[in-house]
$ cat data03.txt   # compact mmCIF, C-alpha atoms
# COMPACT_ATOMS: atom_id res chain seq x y z
CA MET A 954 -85.77 -99.33 -23.53
CA ALA A 955 -82.55 -97.56 -22.71
CA ASP A 956 -83.80 -94.09 -23.53
CA ARG A 957 -87.07 -94.13 -21.63
CA PHE A 958 -87.14 -90.97 -19.50
CA GLU A 959 -89.61 -90.51 -16.66
CA ILE A 960 -90.65 -87.31 -14.90
CA ARG A 961 -92.93 -87.13 -11.84
CA LEU A 962 -94.48 -83.79 -10.87
CA ALA A 963 -96.10 -84.06 -7.44
CA GLY A 964 -97.91 -81.33 -5.56
CA SER A 965 -101.43 -80.07 -5.14
CA GLY A 966 -104.29 -79.06 -7.39
CA GLY A 967 -103.99 -75.52 -8.68
CA GLN A 968 -100.20 -75.64 -9.09
CA GLY A 969 -100.56 -76.40 -12.79
CA LEU A 970 -98.78 -79.74 -12.77
CA VAL A 971 -101.07 -81.27 -15.40
CA LEU A 972 -100.41 -78.36 -17.71
CA GLY A 973 -96.68 -78.54 -16.99
CA GLY A 974 -96.63 -82.24 -17.83
CA LEU A 975 -98.66 -81.70 -20.98
CA ILE A 976 -96.29 -79.05 -22.24
CA MET A 977 -93.25 -81.27 -21.62
CA SER A 978 -94.84 -84.22 -23.40
CA GLU A 979 -96.00 -82.10 -26.32
CA ALA A 980 -92.53 -80.59 -26.68
CA ALA A 981 -91.15 -84.12 -26.96
CA ALA A 982 -93.78 -85.63 -29.26
CA ILE A 983 -94.98 -82.80 -31.45
CA PHE A 984 -91.74 -80.88 -31.84
CA ASP A 985 -88.90 -83.31 -31.06
CA GLY A 986 -90.47 -86.23 -32.95
CA LYS A 987 -90.43 -88.64 -30.01
CA PHE A 988 -93.18 -90.60 -28.28
CA ALA A 989 -94.60 -89.32 -25.02
CA THR A 990 -97.41 -89.80 -22.53
CA GLN A 991 -98.76 -87.62 -19.76
CA THR A 992 -100.75 -89.35 -17.06
CA GLN A 993 -102.72 -87.85 -14.24
CA SER A 994 -103.53 -90.32 -11.49
CA TYR A 995 -106.11 -89.82 -8.82
CA GLY A 996 -107.10 -91.80 -5.80
CA PRO A 997 -109.39 -91.04 -2.92
CA GLU A 998 -106.53 -88.97 -1.47
CA SER A 999 -107.29 -86.38 -4.18
CA ARG A 1000 -109.93 -85.09 -1.79
CA GLY A 1001 -107.08 -83.48 0.09
CA GLY A 1002 -106.07 -81.68 -3.07
CA ALA A 1003 -103.09 -83.87 -4.02
CA SER A 1004 -102.15 -83.82 -7.70
CA LYS A 1005 -99.61 -85.89 -9.60
CA SER A 1006 -98.69 -85.65 -13.26
CA GLU A 1007 -96.26 -88.06 -14.86
CA VAL A 1008 -94.52 -87.76 -18.20
CA VAL A 1009 -92.76 -90.55 -20.06
CA ILE A 1010 -90.65 -89.69 -23.10
CA SER A 1011 -89.07 -92.27 -25.36
CA SER A 1012 -87.81 -92.74 -28.89
CA GLU A 1013 -90.06 -95.80 -29.11
CA GLU A 1014 -93.77 -96.11 -28.42
CA VAL A 1015 -94.50 -95.84 -24.70
CA ASP A 1016 -96.02 -99.12 -23.58
CA TYR A 1017 -96.47 -98.36 -19.89
CA PRO A 1018 -97.32 -94.69 -19.40
CA LYS A 1019 -96.83 -94.37 -15.66
CA ALA A 1020 -93.49 -93.45 -14.10
CA THR A 1021 -92.05 -96.55 -12.43
CA ASN A 1022 -88.65 -95.23 -11.34
CA PRO A 1023 -88.50 -91.57 -12.30
CA ASP A 1024 -85.35 -89.83 -13.50
CA VAL A 1025 -86.71 -86.50 -12.27
CA VAL A 1026 -89.06 -85.88 -9.35
CA LEU A 1027 -90.53 -82.50 -8.52
CA LEU A 1028 -91.78 -82.18 -4.93
CA PHE A 1029 -93.99 -79.14 -4.84
CA THR A 1030 -95.67 -79.52 -1.44
CA GLU A 1031 -94.72 -80.99 1.92
CA ALA A 1032 -97.34 -83.72 1.44
CA ALA A 1033 -95.79 -84.63 -1.91
CA ALA A 1034 -92.34 -84.80 -0.32
CA GLU A 1035 -93.55 -87.09 2.46
CA LYS A 1036 -95.22 -89.41 0.00
CA TYR A 1037 -92.79 -89.51 -2.91
CA LEU A 1038 -89.32 -88.84 -1.49
CA PRO A 1039 -89.15 -92.39 -0.06
CA LEU A 1040 -89.80 -93.71 -3.58
CA CYS A 1041 -86.99 -91.73 -5.21
CA ARG A 1042 -83.90 -93.55 -6.36
CA MET A 1043 -80.63 -92.10 -5.14
CA ASP A 1044 -79.44 -90.88 -8.55
CA ALA A 1045 -82.68 -89.15 -9.46
CA ILE A 1046 -82.79 -85.39 -9.86
CA VAL A 1047 -84.98 -84.44 -6.88
CA ILE A 1048 -86.30 -80.89 -7.07
CA ALA A 1049 -88.04 -79.43 -4.02
CA ASP A 1050 -89.68 -76.05 -3.57
CA ALA A 1051 -87.53 -74.38 -0.93
CA ASP A 1052 -90.42 -72.71 0.86
CA LEU A 1053 -93.18 -75.28 0.54
CA VAL A 1054 -91.24 -78.44 1.40
CA LYS A 1055 -90.11 -78.75 5.02
CA THR A 1056 -88.79 -82.33 4.80
CA GLU A 1057 -85.03 -82.28 4.51
CA ILE A 1058 -83.77 -84.02 1.38
CA PRO A 1059 -80.80 -86.15 2.55
CA ALA A 1060 -77.34 -85.44 1.16
CA THR A 1061 -77.28 -88.96 -0.27
CA PHE A 1062 -79.38 -87.48 -3.08
CA LYS A 1063 -76.43 -85.95 -4.87
CA LYS A 1064 -78.65 -84.44 -7.51
CA LYS A 1065 -81.07 -82.68 -5.18
CA VAL A 1066 -82.03 -79.17 -6.22
CA ILE A 1067 -83.67 -77.02 -3.56
CA VAL A 1068 -85.12 -74.01 -5.29
CA PRO A 1069 -87.68 -71.35 -4.29
CA LEU A 1070 -89.86 -71.88 -7.37
CA THR A 1071 -92.90 -70.11 -6.00
CA LYS A 1072 -90.86 -67.19 -4.70
CA ILE A 1073 -89.08 -66.82 -8.05
CA ALA A 1074 -92.49 -66.73 -9.74
CA ARG A 1075 -93.74 -64.09 -7.33
CA ASP A 1076 -90.62 -61.90 -7.37
CA GLY A 1077 -89.68 -62.34 -11.02
CA VAL A 1078 -93.03 -62.29 -12.78
CA GLY A 1079 -95.45 -61.12 -10.11
CA ARG A 1080 -97.59 -64.26 -10.56
CA GLU A 1081 -97.23 -67.38 -8.41
CA PHE A 1082 -99.17 -69.46 -10.91
CA VAL A 1083 -96.25 -69.53 -13.35
CA ALA A 1084 -94.14 -71.55 -10.87
CA ASN A 1085 -95.06 -74.65 -12.92
CA ILE A 1086 -93.52 -73.10 -16.04
CA ILE A 1087 -90.39 -72.13 -14.11
CA ALA A 1088 -90.24 -75.77 -12.99
CA ILE A 1089 -90.34 -77.18 -16.52
CA GLY A 1090 -87.78 -74.62 -17.72
CA LEU A 1091 -85.55 -75.78 -14.86
CA ILE A 1092 -86.07 -79.46 -15.67
CA ARG A 1093 -85.34 -78.90 -19.33
CA GLU A 1094 -82.09 -77.10 -18.61
CA LEU A 1095 -80.97 -79.74 -16.09
CA THR A 1096 -81.73 -82.72 -18.31
CA GLY A 1097 -81.90 -81.72 -21.96
CA VAL A 1098 -84.70 -84.28 -22.34
CA VAL A 1099 -86.46 -81.89 -24.72
CA THR A 1100 -84.86 -79.14 -26.79
CA GLU A 1101 -85.19 -75.53 -25.79
CA ALA A 1102 -86.87 -74.58 -29.08
CA SER A 1103 -89.45 -77.36 -28.73
CA LEU A 1104 -90.34 -76.43 -25.18
CA ASP A 1105 -90.78 -72.83 -26.28
CA LYS A 1106 -93.16 -73.85 -29.07
CA ALA A 1107 -95.12 -76.27 -26.91
CA LEU A 1108 -95.51 -73.58 -24.25
CA MET A 1109 -96.83 -71.06 -26.76
CA GLN A 1110 -99.44 -73.57 -27.99
CA ARG A 1111 -100.86 -74.11 -24.52
CA VAL A 1112 -100.87 -70.79 -22.73
CA PRO A 1113 -103.83 -68.42 -22.86
CA LYS A 1114 -103.57 -65.56 -25.32
CA GLY A 1115 -102.18 -62.45 -23.70
CA THR A 1116 -99.92 -64.40 -21.30
CA GLU A 1117 -97.20 -65.30 -23.80
CA ASP A 1118 -94.60 -62.84 -22.54
CA LEU A 1119 -95.24 -63.70 -18.91
CA ASN A 1120 -94.78 -67.40 -19.65
CA LYS A 1121 -91.68 -66.89 -21.77
CA LYS A 1122 -90.16 -64.97 -18.90
CA ALA A 1123 -91.06 -67.81 -16.51
CA LEU A 1124 -89.32 -70.33 -18.77
CA ALA A 1125 -86.21 -68.12 -18.87
CA LEU A 1126 -86.25 -67.85 -15.07
CA GLY A 1127 -86.39 -71.64 -14.87
CA LYS A 1128 -83.33 -71.91 -17.09
CA GLU A 1129 -81.52 -69.37 -14.95
CA ALA A 1130 -82.50 -71.22 -11.77
CA ALA A 1131 -80.87 -74.38 -13.14
CA HIS A 1132 -77.53 -72.55 -13.14
CA THR A 1133 -78.06 -70.89 -9.76
CA TYR A 1134 -79.50 -73.80 -7.78
CA GLY A 1135 -78.53 -76.84 -9.85
CA LYS A 1136 -74.96 -76.12 -10.92
CA HIS A 1137 -73.76 -79.36 -9.28
CA VAL A 1138 -76.22 -81.35 -11.41
CA LEU A 1139 -75.09 -79.63 -14.60
CA GLU A 1140 -71.46 -80.29 -13.68
CA MET A 1141 -72.19 -83.97 -13.03
CA LYS A 1142 -73.40 -84.37 -16.57
CA GLY A 1143 -70.26 -82.64 -17.83
CA LYS A 1144 -72.18 -79.82 -19.35
CA MET B 825 -111.21 -106.03 -12.23
CA ALA B 826 -114.86 -106.36 -13.09
CA ASP B 827 -115.70 -102.71 -12.65
CA ARG B 828 -112.84 -101.18 -14.62
CA PHE B 829 -114.40 -98.66 -17.00
CA GLU B 830 -112.48 -97.21 -19.93
CA ILE B 831 -113.24 -94.11 -21.99
CA ARG B 832 -111.32 -93.02 -25.09
CA LEU B 833 -111.76 -89.46 -26.39
CA ALA B 834 -110.18 -89.13 -29.84
CA GLY B 835 -110.05 -86.02 -32.00
CA SER B 836 -107.73 -83.13 -32.61
CA GLY B 837 -105.88 -80.56 -30.54
CA GLY B 838 -108.06 -77.64 -29.55
CA GLN B 839 -111.20 -79.73 -29.01
CA GLY B 840 -110.60 -79.83 -25.27
CA LEU B 841 -110.33 -83.61 -24.96
CA VAL B 842 -107.64 -83.46 -22.28
CA LEU B 843 -109.80 -81.16 -20.20
CA GLY B 844 -112.86 -83.35 -20.81
CA GLY B 845 -110.96 -86.42 -19.65
CA LEU B 846 -109.58 -84.62 -16.62
CA ILE B 847 -113.04 -83.53 -15.52
CA MET B 848 -114.42 -87.06 -15.88
CA SER B 849 -111.55 -88.56 -13.91
CA GLU B 850 -111.77 -85.91 -11.19
CA ALA B 851 -115.52 -86.44 -10.88
CA ALA B 852 -114.82 -90.13 -10.27
CA ALA B 853 -111.86 -89.81 -7.91
CA ILE B 854 -112.38 -86.60 -6.00
CA PHE B 855 -116.16 -86.66 -5.70
CA ASP B 856 -117.26 -90.28 -6.20
CA GLY B 857 -114.42 -91.74 -4.11
CA LYS B 858 -113.13 -94.06 -6.84
CA PHE B 859 -109.72 -94.41 -8.44
CA ALA B 860 -109.10 -92.83 -11.83
CA THR B 861 -106.40 -91.98 -14.33
CA GLN B 862 -106.34 -89.66 -17.32
CA THR B 863 -103.67 -90.30 -19.92
CA GLN B 864 -102.73 -88.24 -22.90
CA SER B 865 -100.65 -90.15 -25.44
CA TYR B 866 -98.67 -88.60 -28.21
CA GLY B 867 -96.69 -90.01 -31.07
CA PRO B 868 -95.08 -88.38 -34.07
CA GLU B 869 -98.56 -88.29 -35.62
CA SER B 870 -99.37 -85.46 -33.18
CA ARG B 871 -97.76 -83.17 -35.74
CA GLY B 872 -101.00 -83.47 -37.66
CA GLY B 873 -102.87 -82.22 -34.63
CA ALA B 874 -104.28 -85.55 -33.42
CA SER B 875 -105.19 -85.70 -29.75
CA LYS B 876 -106.29 -88.62 -27.62
CA SER B 877 -107.28 -88.59 -23.98
CA GLU B 878 -108.11 -91.78 -22.11
CA VAL B 879 -109.82 -92.16 -18.76
CA VAL B 880 -109.87 -95.28 -16.62
CA ILE B 881 -112.20 -95.41 -13.62
CA SER B 882 -112.23 -98.22 -11.10
CA SER B 883 -113.15 -98.99 -7.52
CA GLU B 884 -109.63 -100.36 -7.10
CA GLU B 885 -106.29 -98.74 -7.82
CA VAL B 886 -105.73 -98.43 -11.59
CA ASP B 887 -102.67 -100.50 -12.45
CA TYR B 888 -102.59 -99.94 -16.20
CA PRO B 889 -103.81 -96.41 -17.03
CA LYS B 890 -104.31 -96.73 -20.77
CA ALA B 891 -107.58 -97.86 -22.33
CA THR B 892 -107.13 -101.38 -23.69
CA ASN B 893 -110.67 -102.18 -24.80
CA PRO B 894 -112.76 -99.08 -24.17
CA ASP B 895 -116.38 -99.16 -23.03
CA VAL B 896 -116.97 -95.73 -24.57
CA VAL B 897 -115.22 -94.23 -27.60
CA LEU B 898 -115.74 -90.67 -28.75
CA LEU B 899 -114.76 -90.07 -32.39
CA PHE B 900 -114.51 -86.34 -32.78
CA THR B 901 -112.81 -86.04 -36.18
CA GLU B 902 -112.74 -88.08 -39.37
CA ALA B 903 -109.09 -88.95 -38.74
CA ALA B 904 -110.00 -90.25 -35.28
CA ALA B 905 -112.80 -92.36 -36.77
CA GLU B 906 -110.50 -93.89 -39.36
CA LYS B 907 -107.91 -94.74 -36.75
CA TYR B 908 -109.99 -95.87 -33.78
CA LEU B 909 -113.25 -97.28 -35.16
CA PRO B 910 -111.48 -100.49 -36.28
CA LEU B 911 -110.30 -100.95 -32.69
CA CYS B 912 -113.79 -100.62 -31.17
CA ARG B 913 -115.46 -103.69 -29.78
CA MET B 914 -118.98 -104.32 -31.05
CA ASP B 915 -120.71 -103.62 -27.73
CA ALA B 916 -118.90 -100.37 -27.05
CA ILE B 917 -120.80 -97.09 -26.98
CA VAL B 918 -119.39 -95.40 -30.08
CA ILE B 919 -120.14 -91.69 -30.23
CA ALA B 920 -119.37 -89.79 -33.44
CA ASP B 921 -119.77 -86.11 -34.22
CA ALA B 922 -122.42 -86.07 -36.96
CA ASP B 923 -120.80 -83.27 -38.93
CA LEU B 924 -117.10 -83.95 -38.47
CA VAL B 925 -117.06 -87.73 -39.01
CA LYS B 926 -117.75 -88.91 -42.57
CA THR B 927 -116.98 -92.61 -42.01
CA GLU B 928 -120.21 -94.52 -41.61
CA ILE B 929 -120.44 -96.40 -38.32
CA PRO B 930 -121.78 -99.87 -39.23
CA ALA B 931 -125.13 -100.98 -37.82
CA THR B 932 -123.35 -103.86 -36.10
CA PHE B 933 -122.42 -101.27 -33.48
CA LYS B 934 -125.78 -101.39 -31.75
CA LYS B 935 -124.75 -98.69 -29.30
CA LYS B 936 -123.57 -96.14 -31.84
CA VAL B 937 -124.64 -92.58 -31.12
CA ILE B 938 -124.34 -90.12 -34.00
CA VAL B 939 -124.77 -86.66 -32.56
CA PRO B 940 -123.97 -83.15 -33.86
CA LEU B 941 -121.93 -82.16 -30.80
CA THR B 942 -120.25 -79.18 -32.40
CA LYS B 943 -123.50 -77.93 -33.90
CA ILE B 944 -125.29 -78.25 -30.55
CA ALA B 945 -122.50 -76.22 -28.95
CA ARG B 946 -122.77 -73.53 -31.61
CA ASP B 947 -126.56 -73.34 -31.69
CA GLY B 948 -127.22 -73.90 -28.00
CA VAL B 949 -124.44 -71.94 -26.31
CA GLY B 950 -122.95 -69.88 -29.12
CA ARG B 951 -119.50 -71.36 -28.47
CA GLU B 952 -118.09 -74.37 -30.34
CA PHE B 953 -115.41 -74.89 -27.72
CA VAL B 954 -117.90 -76.28 -25.19
CA ALA B 955 -118.55 -79.31 -27.44
CA ASN B 956 -116.18 -81.27 -25.17
CA ILE B 957 -118.38 -80.50 -22.15
CA ILE B 958 -121.50 -81.53 -24.07
CA ALA B 959 -119.69 -84.77 -24.87
CA ILE B 960 -118.95 -85.59 -21.23
CA GLY B 961 -122.49 -84.70 -20.20
CA LEU B 962 -123.69 -87.12 -22.88
CA ILE B 963 -121.32 -89.87 -21.78
CA ARG B 964 -122.32 -89.47 -18.15
CA GLU B 965 -126.00 -89.74 -18.96
CA LEU B 966 -125.51 -92.77 -21.21
CA THR B 967 -123.33 -94.68 -18.77
CA GLY B 968 -123.81 -93.43 -15.23
CA VAL B 969 -120.09 -94.07 -14.68
CA VAL B 970 -119.93 -90.93 -12.57
CA THR B 971 -122.77 -89.27 -10.71
CA GLU B 972 -124.38 -86.13 -12.02
CA ALA B 973 -123.55 -84.16 -8.87
CA SER B 974 -119.89 -85.17 -9.04
CA LEU B 975 -119.53 -84.22 -12.68
CA ASP B 976 -121.09 -80.84 -11.90
CA LYS B 977 -118.62 -80.22 -9.10
CA ALA B 978 -115.60 -81.40 -11.09
CA LEU B 979 -116.64 -79.16 -13.98
CA MET B 980 -116.92 -76.12 -11.74
CA GLN B 981 -113.42 -76.74 -10.35
CA ARG B 982 -111.84 -76.77 -13.79
CA VAL B 983 -113.54 -74.12 -15.89
CA PRO B 984 -112.28 -70.53 -16.03
CA LYS B 985 -114.06 -68.02 -13.82
CA GLY B 986 -116.87 -66.29 -15.65
CA THR B 987 -117.69 -69.32 -17.82
CA GLU B 988 -119.58 -71.33 -15.17
CA ASP B 989 -123.06 -70.73 -16.59
CA LEU B 990 -121.97 -71.42 -20.14
CA ASN B 991 -120.42 -74.72 -19.07
CA LYS B 992 -123.39 -75.74 -16.93
CA LYS B 993 -125.62 -75.19 -19.92
CA ALA B 994 -123.29 -77.32 -22.07
CA LEU B 995 -123.47 -80.15 -19.56
CA ALA B 996 -127.28 -79.95 -19.58
CA LEU B 997 -127.31 -80.03 -23.39
CA GLY B 998 -125.19 -83.17 -23.28
CA LYS B 999 -127.68 -84.83 -20.94
CA GLU B 1000 -130.53 -83.84 -23.25
CA ALA B 1001 -128.64 -85.15 -26.30
CA ALA B 1002 -128.36 -88.56 -24.61
CA HIS B 1003 -132.16 -88.79 -24.69
CA THR B 1004 -132.51 -87.40 -28.22
CA TYR B 1005 -129.69 -89.26 -29.97
CA GLY B 1006 -128.96 -92.15 -27.63
CA LYS B 1007 -132.40 -93.34 -26.54
CA HIS B 1008 -131.65 -96.86 -27.86
CA VAL B 1009 -128.57 -97.03 -25.64
CA LEU B 1010 -130.51 -95.92 -22.58
CA GLU B 1011 -133.22 -98.50 -23.34
CA MET B 1012 -130.63 -101.25 -23.69
CA LYS B 1013 -129.48 -100.63 -20.16
CA GLY B 1014 -133.08 -100.71 -18.96
CA LYS B 1015 -133.01 -97.16 -17.73
$ encode --input "data03.txt" --output "C-alpha cells"
Amino acid sequence: MADRFEIRLAGSGGQGLVLGGLIMSEAAAIFDGKFATQTQSYGPESRGGASKSEVVISSEEVDYPKATNPDVVLLFTEAAAEKYLPLCRMDAIVIADADLVKTEIPATFKKKVIVPLTKIARDGVGREFVANIIAIGLIRELTGVVTEASLDKALMQRVPKGTEDLNKKALALGKEAAHTYGKHVLEMKGK
Amino acid sequence: MADRFEIRLAGSGGQGLVLGGLIMSEAAAIFDGKFATQTQSYGPESRGGASKSEVVISSEEVDYPKATNPDVVLLFTEAAAEKYLPLCRMDAIVIADADLVKTEIPATFKKKVIVPLTKIARDGVGREFVANIIAIGLIRELTGVVTEASLDKALMQRVPKGTEDLNKKALALGKEAAHTYGKHVLEMKGK
C-alpha cells in the first residue's frame, strides 16, 4: 500500500498521547474519508509510566494497525528517545521535545525537528497539558497527512467543553512551530 | 498463543468505548503484569458515529493487536449488533444492551448476556455516561481476565478527579449485573 502513513507518539502516561493519536485518526477517517487505526500498546514496562500511541492512515482498509516503520516519530521523553530512536529510519520526521529529551538526535536524520513543545504549551497557553495538541498541529503542518479543517473538527469533538479556545490556540501554536523549528522539513517537501 | 484473550467493544461515539478498552488494557499490563493492546479502528462508516475498541491481553507480547475471533463481544447499539453479531463465534460471551439492541441474539449463543447497561447507569448512578464502566465491571466479573484490584486501580488512574466515587459505584454495579444477568455464564465456568 503506497499511501500507508504511520505515526508513532512515544512518551509517558499523562502526556495525552492516546488522545493525540485518536484525534489524528478521527480527522483522517471521519472527516477526510480515509481509513485509520489508533493503537495503544502496553507491556510490563508500562509500570514505569511509558506510553505509546500509534496511528496508521491509509486510503485502503488498514490490515495491520501497528506502526512497522513510521514516517513520523514523536519522542516526548528521554526514555522514549532511548527506546525508539534506534528504530527510526533515516528519512523519518523525528520530533523531539527540546527540554525533555537529552539524547542527541544525529545529523544523519535530516528531518529531525527539535522543538520545545512543553515550553510552548506553558508559555503560549499557560497549560502544559496541551503540548500533545501542539504536537499534532505540528505534525499536520509538516506532513499534510490530514487536512487542517479535519483536524480542527476532530479536535473539537474530543476536547472537554470549555477548553475549545485553549485547544484551538494550541493547534495554531503547533502550526507556527512547524515553520519556526521545521522549516527545513517543509522545504524538503517543496512546500 | 493459548492465553490470548480478545475483547471487542462495539457501539457509537460518546459511549466511552475507547476509555473502557484503555482501562481494561491498562489493568492487564500495568497492574497484572501482562501484555495488552487497545486498538480503535475507523473507516468511512465512522461518519455515522460508529465506534469500535478492541483489547487483546496476553502473557506474551501481542503481535497482532486487532481482535480476530473475540472471546467477549459487547454490542452497545443496534448498528453494532447488526454488523458484529454475524462475526461472533458461538461460544463467545455476547453482551447486548437490553434497550439499545433490537436484534434478537439467538439461543445458540449459550453465553449471551442481555443486560440494560444504560438503564442501570441511569437508575443506579444517575449518569448514563458510566454505562461503559458498568460494562467493563461486568466483563471482568464474567471472565476474570483481569483482577478486580487491577481494574480498580486502572479505573482510578483514568477517570477525571471528582468522579472517583461515581465510577467505583459503576464498577460495582457491573459486578452485580454479572450475577443478575449472567449467572448462566458464571455457572458454565464453574465459578
$ atom_distance --input "data03.txt" --atom1 "atom CA of A:Ser965" --atom2 "atom CA of B:Leu841"
22.0 Å
$ interface_residues --input "data03.txt" --of "chain A" --to "chain B" --cutoff "10 Å" --atoms "all atoms listed in the file" --output "ChimeraX atom specification"
/A:966-967,971-972,974-975,978-979,981-1003,1006-1019,1110-1111
$ write_last_selection --input "data03.txt" --atoms "C-alpha atoms" --output "mmCIF file, keeping the file's coordinate frame"
data_model
loop_
_atom_site.group_PDB
_atom_site.id
_atom_site.type_symbol
_atom_site.label_atom_id
_atom_site.label_comp_id
_atom_site.auth_asym_id
_atom_site.auth_seq_id
_atom_site.Cartn_x
_atom_site.Cartn_y
_atom_site.Cartn_z
ATOM 1 C CA GLY A 966 -104.290 -79.060 -7.390
ATOM 2 C CA GLY A 967 -103.990 -75.520 -8.680
ATOM 3 C CA VAL A 971 -101.070 -81.270 -15.400
ATOM 4 C CA LEU A 972 -100.410 -78.360 -17.710
ATOM 5 C CA GLY A 974 -96.630 -82.240 -17.830
ATOM 6 C CA LEU A 975 -98.660 -81.700 -20.980
ATOM 7 C CA SER A 978 -94.840 -84.220 -23.400
ATOM 8 C CA GLU A 979 -96.000 -82.100 -26.320
ATOM 9 C CA ALA A 981 -91.150 -84.120 -26.960
ATOM 10 C CA ALA A 982 -93.780 -85.630 -29.260
ATOM 11 C CA ILE A 983 -94.980 -82.800 -31.450
ATOM 12 C CA PHE A 984 -91.740 -80.880 -31.840
ATOM 13 C CA ASP A 985 -88.900 -83.310 -31.060
ATOM 14 C CA GLY A 986 -90.470 -86.230 -32.950
ATOM 15 C CA LYS A 987 -90.430 -88.640 -30.010
ATOM 16 C CA PHE A 988 -93.180 -90.600 -28.280
ATOM 17 C CA ALA A 989 -94.600 -89.320 -25.020
ATOM 18 C CA THR A 990 -97.410 -89.800 -22.530
ATOM 19 C CA GLN A 991 -98.760 -87.620 -19.760
ATOM 20 C CA THR A 992 -100.750 -89.350 -17.060
ATOM 21 C CA GLN A 993 -102.720 -87.850 -14.240
ATOM 22 C CA SER A 994 -103.530 -90.320 -11.490
ATOM 23 C CA TYR A 995 -106.110 -89.820 -8.820
ATOM 24 C CA GLY A 996 -107.100 -91.800 -5.800
ATOM 25 C CA PRO A 997 -109.390 -91.040 -2.920
ATOM 26 C CA GLU A 998 -106.530 -88.970 -1.470
ATOM 27 C CA SER A 999 -107.290 -86.380 -4.180
ATOM 28 C CA ARG A 1000 -109.930 -85.090 -1.790
ATOM 29 C CA GLY A 1001 -107.080 -83.480 0.090
ATOM 30 C CA GLY A 1002 -106.070 -81.680 -3.070
ATOM 31 C CA ALA A 1003 -103.090 -83.870 -4.020
ATOM 32 C CA SER A 1006 -98.690 -85.650 -13.260
ATOM 33 C CA GLU A 1007 -96.260 -88.060 -14.860
ATOM 34 C CA VAL A 1008 -94.520 -87.760 -18.200
ATOM 35 C CA VAL A 1009 -92.760 -90.550 -20.060
ATOM 36 C CA ILE A 1010 -90.650 -89.690 -23.100
ATOM 37 C CA SER A 1011 -89.070 -92.270 -25.360
ATOM 38 C CA SER A 1012 -87.810 -92.740 -28.890
ATOM 39 C CA GLU A 1013 -90.060 -95.800 -29.110
ATOM 40 C CA GLU A 1014 -93.770 -96.110 -28.420
ATOM 41 C CA VAL A 1015 -94.500 -95.840 -24.700
ATOM 42 C CA ASP A 1016 -96.020 -99.120 -23.580
ATOM 43 C CA TYR A 1017 -96.470 -98.360 -19.890
ATOM 44 C CA PRO A 1018 -97.320 -94.690 -19.400
ATOM 45 C CA LYS A 1019 -96.830 -94.370 -15.660
ATOM 46 C CA GLN A 1110 -99.440 -73.570 -27.990
ATOM 47 C CA ARG A 1111 -100.860 -74.110 -24.520
#
$ closest_residue --input "data03.txt" --among "B:Asn991, B:Thr932, B:Thr892, B:Thr901" --to "B:Gly961" --atoms "only C-alpha atoms"
B:Asn991
$ atom_distance --input "data03.txt" --atom1 "atom CA of B:Glu830" --atom2 "atom CA of B:Thr967"
11.2 Å
$ residues_around --input "data03.txt" --residues "stretch 936-952 of chain B" --least-positions-apart "3" --cutoff "10 Å" --atoms "all atoms listed in the file" --output "number ranges by chain"
B: 839, 896-900, 914-925, 928-933, 955-959, 962, 966, 989-991, 993-994, 997-998, 1001-1002, 1004-1009
$ write_last_selection --input "data03.txt" --atoms "C-alpha atoms" --output "compact mmCIF listing (two decimals), in the frame of the given file"
# COMPACT_ATOMS: atom_id res chain seq x y z
CA GLN B 839 -111.20 -79.73 -29.01
CA VAL B 896 -116.97 -95.73 -24.57
CA VAL B 897 -115.22 -94.23 -27.60
CA LEU B 898 -115.74 -90.67 -28.75
CA LEU B 899 -114.76 -90.07 -32.39
CA PHE B 900 -114.51 -86.34 -32.78
CA MET B 914 -118.98 -104.32 -31.05
CA ASP B 915 -120.71 -103.62 -27.73
CA ALA B 916 -118.90 -100.37 -27.05
CA ILE B 917 -120.80 -97.09 -26.98
CA VAL B 918 -119.39 -95.40 -30.08
CA ILE B 919 -120.14 -91.69 -30.23
CA ALA B 920 -119.37 -89.79 -33.44
CA ASP B 921 -119.77 -86.11 -34.22
CA ALA B 922 -122.42 -86.07 -36.96
CA ASP B 923 -120.80 -83.27 -38.93
CA LEU B 924 -117.10 -83.95 -38.47
CA VAL B 925 -117.06 -87.73 -39.01
CA GLU B 928 -120.21 -94.52 -41.61
CA ILE B 929 -120.44 -96.40 -38.32
CA PRO B 930 -121.78 -99.87 -39.23
CA ALA B 931 -125.13 -100.98 -37.82
CA THR B 932 -123.35 -103.86 -36.10
CA PHE B 933 -122.42 -101.27 -33.48
CA ALA B 955 -118.55 -79.31 -27.44
CA ASN B 956 -116.18 -81.27 -25.17
CA ILE B 957 -118.38 -80.50 -22.15
CA ILE B 958 -121.50 -81.53 -24.07
CA ALA B 959 -119.69 -84.77 -24.87
CA LEU B 962 -123.69 -87.12 -22.88
CA LEU B 966 -125.51 -92.77 -21.21
CA ASP B 989 -123.06 -70.73 -16.59
CA LEU B 990 -121.97 -71.42 -20.14
CA ASN B 991 -120.42 -74.72 -19.07
CA LYS B 993 -125.62 -75.19 -19.92
CA ALA B 994 -123.29 -77.32 -22.07
CA LEU B 997 -127.31 -80.03 -23.39
CA GLY B 998 -125.19 -83.17 -23.28
CA ALA B 1001 -128.64 -85.15 -26.30
CA ALA B 1002 -128.36 -88.56 -24.61
CA THR B 1004 -132.51 -87.40 -28.22
CA TYR B 1005 -129.69 -89.26 -29.97
CA GLY B 1006 -128.96 -92.15 -27.63
CA LYS B 1007 -132.40 -93.34 -26.54
CA HIS B 1008 -131.65 -96.86 -27.86
CA VAL B 1009 -128.57 -97.03 -25.64
$ atom_distance --input "data03.txt" --atom1 "atom CA of A:Val1099" --atom2 "atom CA of A:Asp1024"
13.8 Å
$ closest_residue --input "data03.txt" --among "A:Ala1020, A:Ala1034, A:Ile976, A:Met1109" --to "A:Lys1055" --atoms "only C-alpha atoms"
A:Ala1034
$ closest_residue --input "data03.txt" --among "A:Leu1139, A:Thr1116, A:Leu1040, A:Lys1121" --to "A:Glu1094" --atoms "all atoms listed in the file"
A:Leu1139
$ closest_residue --input "data03.txt" --among "A:Ala1125, A:Met977, A:Phe1082, A:Asp1105" --to "A:Leu962" --atoms "all atoms listed in the file"
A:Met977
